[in-house]
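Asker: Let me give you the structure first, and then I'll get to my questions.
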There are 2 protein chains.
Amino acid sequence: MERAMGVFWSRGYHATALPDLLRATKLSRGSLYAAFGDKHSLFLRALDRYVTDALTRMDIELGARREPVEGLRTYLAGYVERTSGANGRRGCLLVATAMELAGRDADVDRRIAGFFKAMEAKVADALSRAKAAGTLADGVEPSSAARILVCFVEGLRVVGKTAPTRNASQATVDALLDRFIK
Amino acid sequence: MERAMGVFWSRGYHATALPDLLRATKLSRGSLYAAFGDKHSLFLRALDRYVTDALTRMDIELGARREPVEGLRTYLAGYVERTSGANGRRGCLLVATAMELAGRDADVDRRIAGFFKAMEAKVADALSRAKAAGTLADGVEPSSAARILVCFVEGLRVVGKTAPTRNASQATVDALLDRFIK
DNA sequence: CGATTTAAAGACCAATCGGTCTATATATAA
DNA sequence: TTATATATAGACCGATTGGTCTTTAAATCG
């Protein structure tokens, strides 16, 4: 499964051909269809896995027991890592899928919208806790700031396709965070 | 040409088949190949047109004769328009291309990187003028703020695929701008 | 061991891909 | 008018697409 996810991640949905998936999963044609149905079903499974991984990681990084601002820093540091150099080049399965299939595939639409909503909620929660702790900059409202952060990190993934340096991505993240925390 | 651009824009590179392009351009197969070469060449032309349009629009919106902050507001208002509702659903040819082809197509790579660089430079210039005019918030550095804004607007395009309301997009943009201007 | 289930290999299918080419019709020019 | 250039429609090409099916080999089990 993760193998198949890796192929879709690297190549996108349309550019991934069956032989690519067979090579990656080391399954025969018949076995793959028996196990997953068709290409589209396998793709949805891969996408679900990707979303689950991302949200699980966020729960760890932004965990309620941690200092919220430090959680946000960790969360953003992960994006720095994933959007610079070769990792940046590889891109993001979710963003690529949103751009390639959203609006033309209802199954995908639900997953994309659900992911952004969940992500925004988790960020908003961390920001609320930061506000309660008095570590948020004056005038920052958690819910709108969360929407800003979601847009920002997804934009990082887009710009990351040009493989910026780690330092450049980190500096951008730092400059953004400076506007929102004390 | 714009017709072909529209098809690539709506469907992406791989999902656009020759019959789609023939229908859109109202050209015969032979004429299309005589005029543009192959599919890839036609795509690059469409992408160039898209990039030129976007940068030209930015020059108008952020024009040096205008109040820089007002220029930025106009610029961002354009993104609100393009990333909400049906416009949001349609997406962005440049972002879709970055996610679909960047890293696997050198001709595309150059155009994507060039676009982001040019865009960032234009935003940085407007922010510099705002800073000189004293309308920038304290501690905001034009070049890093420009990188933030570029990421933010590209992220808006990604999230825009879920077709948010105009008001929601506008509120997010307003909240961001509030952190950067006086 | 032999019997049975499971999975691999790959032939095979219709449909479609991007691309070429020929024949026909439509202008344009003399 | 006739001659010529231009663009059309669409047949045609090999390659590849996602998907099915049959044959054979490898496990598993009694």
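Simple scheme: letters A, B, ... for chains in structure tokens order, numbers from 1 for residues in each chain, numbers from 1 for ligands in the order shown.
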Residues within 8 Å of region 1-6 of chain C, please, as a VMD selection string. Count only C-alpha atoms (C1' of nucleotides); anything in the same chain fewer than 4 positions from it doesn't count.
Answerer: chain D and resid 27 to 30
Asker: With N, CA and C atoms (P, O5', C5', C4', C3', O3' and C1' of nucleotides) retained, could you export that selection as a CSV table (one decimal), in the first residue's frame?
Answerer:
chain,number,residue,atom,x,y,z
D,27,DA,P,7.4,-20.7,-2.8
D,27,DA,O5',6.5,-20.7,-1.5
D,27,DA,C5',5.7,-21.8,-1.3
D,27,DA,C4',4.3,-21.3,-0.9
D,27,DA,C3',4.0,-21.9,0.5
D,27,DA,O3',3.2,-21.0,1.2
D,27,DA,C1',2.5,-22.9,-1.1
D,28,DT,P,3.1,-21.0,2.8
D,28,DT,O5',1.8,-21.9,3.2
D,28,DT,C5',0.6,-21.5,2.6
D,28,DT,C4',-0.4,-22.6,2.7
D,28,DT,C3',-0.4,-23.4,4.0
D,28,DT,O3',-1.7,-23.3,4.6
D,28,DT,C1',-0.5,-24.9,2.2
D,29,DC,P,-2.0,-23.8,6.1
D,29,DC,O5',-2.8,-25.1,5.9
D,29,DC,C5',-3.7,-25.2,4.8
D,29,DC,C4',-4.1,-26.6,4.6
D,29,DC,C3',-4.2,-27.5,5.9
D,29,DC,O3',-5.4,-28.3,5.9
D,29,DC,C1',-2.9,-28.6,4.2
D,30,DG,P,-6.0,-28.8,7.3
D,30,DG,O5',-6.3,-30.3,7.0
D,30,DG,C5',-7.1,-30.7,5.9
D,30,DG,C4',-6.8,-32.1,5.5
D,30,DG,C3',-6.5,-33.1,6.7
D,30,DG,O3',-7.7,-33.8,7.0
D,30,DG,C1',-4.9,-33.3,4.9
Asker: Which polymer residues have any atom within 12 Å of an atom of region 42-51 of chain B, counting only C-alpha atoms (C1' of nucleotides), with same-chain residues fewer than 4 positions away left out, as a VMD selection string?
Answerer: chain B and resid 1 to 9 12 to 14 16 to 18 21 to 22 25 32 to 38 55 to 58 92 to 98 101 105 to 119
Asker: Pull out every residue of chain A that has at least one atom within 6 Å of chain B, counting only C-alpha atoms, and report them as a compact mmCIF listing (two decimals) with N, CA and C atoms, in the first residue's frame.
Answerer:
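This went into part_34.txt:
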# COMPACT_ATOMS: atom_id res chain seq x y z
N ALA A 96 -1.09 17.95 -4.87
CA ALA A 96 -1.10 17.53 -6.27
C ALA A 96 -2.46 16.97 -6.65
N MET A 99 -5.06 19.73 -6.99
CA MET A 99 -4.97 20.47 -8.24
C MET A 99 -5.36 19.61 -9.44
N ALA A 113 -11.39 18.37 1.06
CA ALA A 113 -12.07 19.34 1.93
C ALA A 113 -11.97 18.91 3.39
N SER A 144 -9.03 32.88 12.37
CA SER A 144 -8.58 33.43 11.09
C SER A 144 -7.08 33.20 10.90
N CYS A 151 -3.22 28.12 4.55
CA CYS A 151 -2.86 28.61 3.21
C CYS A 151 -1.36 28.72 3.07
N PHE A 152 -0.73 29.24 4.07
CA PHE A 152 0.71 29.44 4.00
C PHE A 152 1.46 28.12 3.81
N GLU A 154 0.37 25.28 2.69
CA GLU A 154 0.07 24.66 1.39
C GLU A 154 0.79 25.41 0.27
N GLY A 155 0.90 26.71 0.44
CA GLY A 155 1.68 27.49 -0.53
C GLY A 155 3.15 27.13 -0.47
N LEU A 156 3.65 26.84 0.71
CA LEU A 156 5.03 26.38 0.85
C LEU A 156 5.27 25.13 0.00
N THR A 162 10.12 24.16 -6.48
CA THR A 162 11.32 24.73 -7.08
C THR A 162 12.56 24.41 -6.24
N THR A 172 11.62 31.99 5.98
CA THR A 172 10.26 32.44 5.65
C THR A 172 9.29 32.05 6.75
Asker: Expressed in Å to a single decimal, how great is the separation between CA of Ala132 (chain B) and CA of Ile181 (chain A)?
Answerer: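 CA of Ile181 (chain A) lies 25.1 Å from CA of Ala132 (chain B).
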Asker: Please identify every residue of chain B that has at least one atom no more than 9 Å from any atom of chain D, counting only C-alpha atoms (C1' of nucleotides), and report them as a list in words.
Answerer: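 Going by the stated atoms only, the list reads Leu27, Ser28, Gly30 and Ser31 of chain B.
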Asker: What does the distance between CA of Val123 (chain B) and CA of Leu72 (chain B) come to in Å, to one decimal place?
Answerer: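 If I compute the distance from CA of Val123 (chain B) to CA of Leu72 (chain B), I get 7.8 Å.
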Asker: So that I can check the secondary structure, give me every residue of region 76-165 of chain B assigned helix (DSSP H, G or I) by backbone DSSP, as a PyMOL selection string.
Answerer: chain B and resi 76-82+85-90+93-101+106-132+142-162
Asker: Counting only C-alpha atoms (C1' of nucleotides), which residues from chain C have an atom at most 9 Å from any atom of chain A, and could you show them as number ranges by chain?
Answerer: C: 7-9
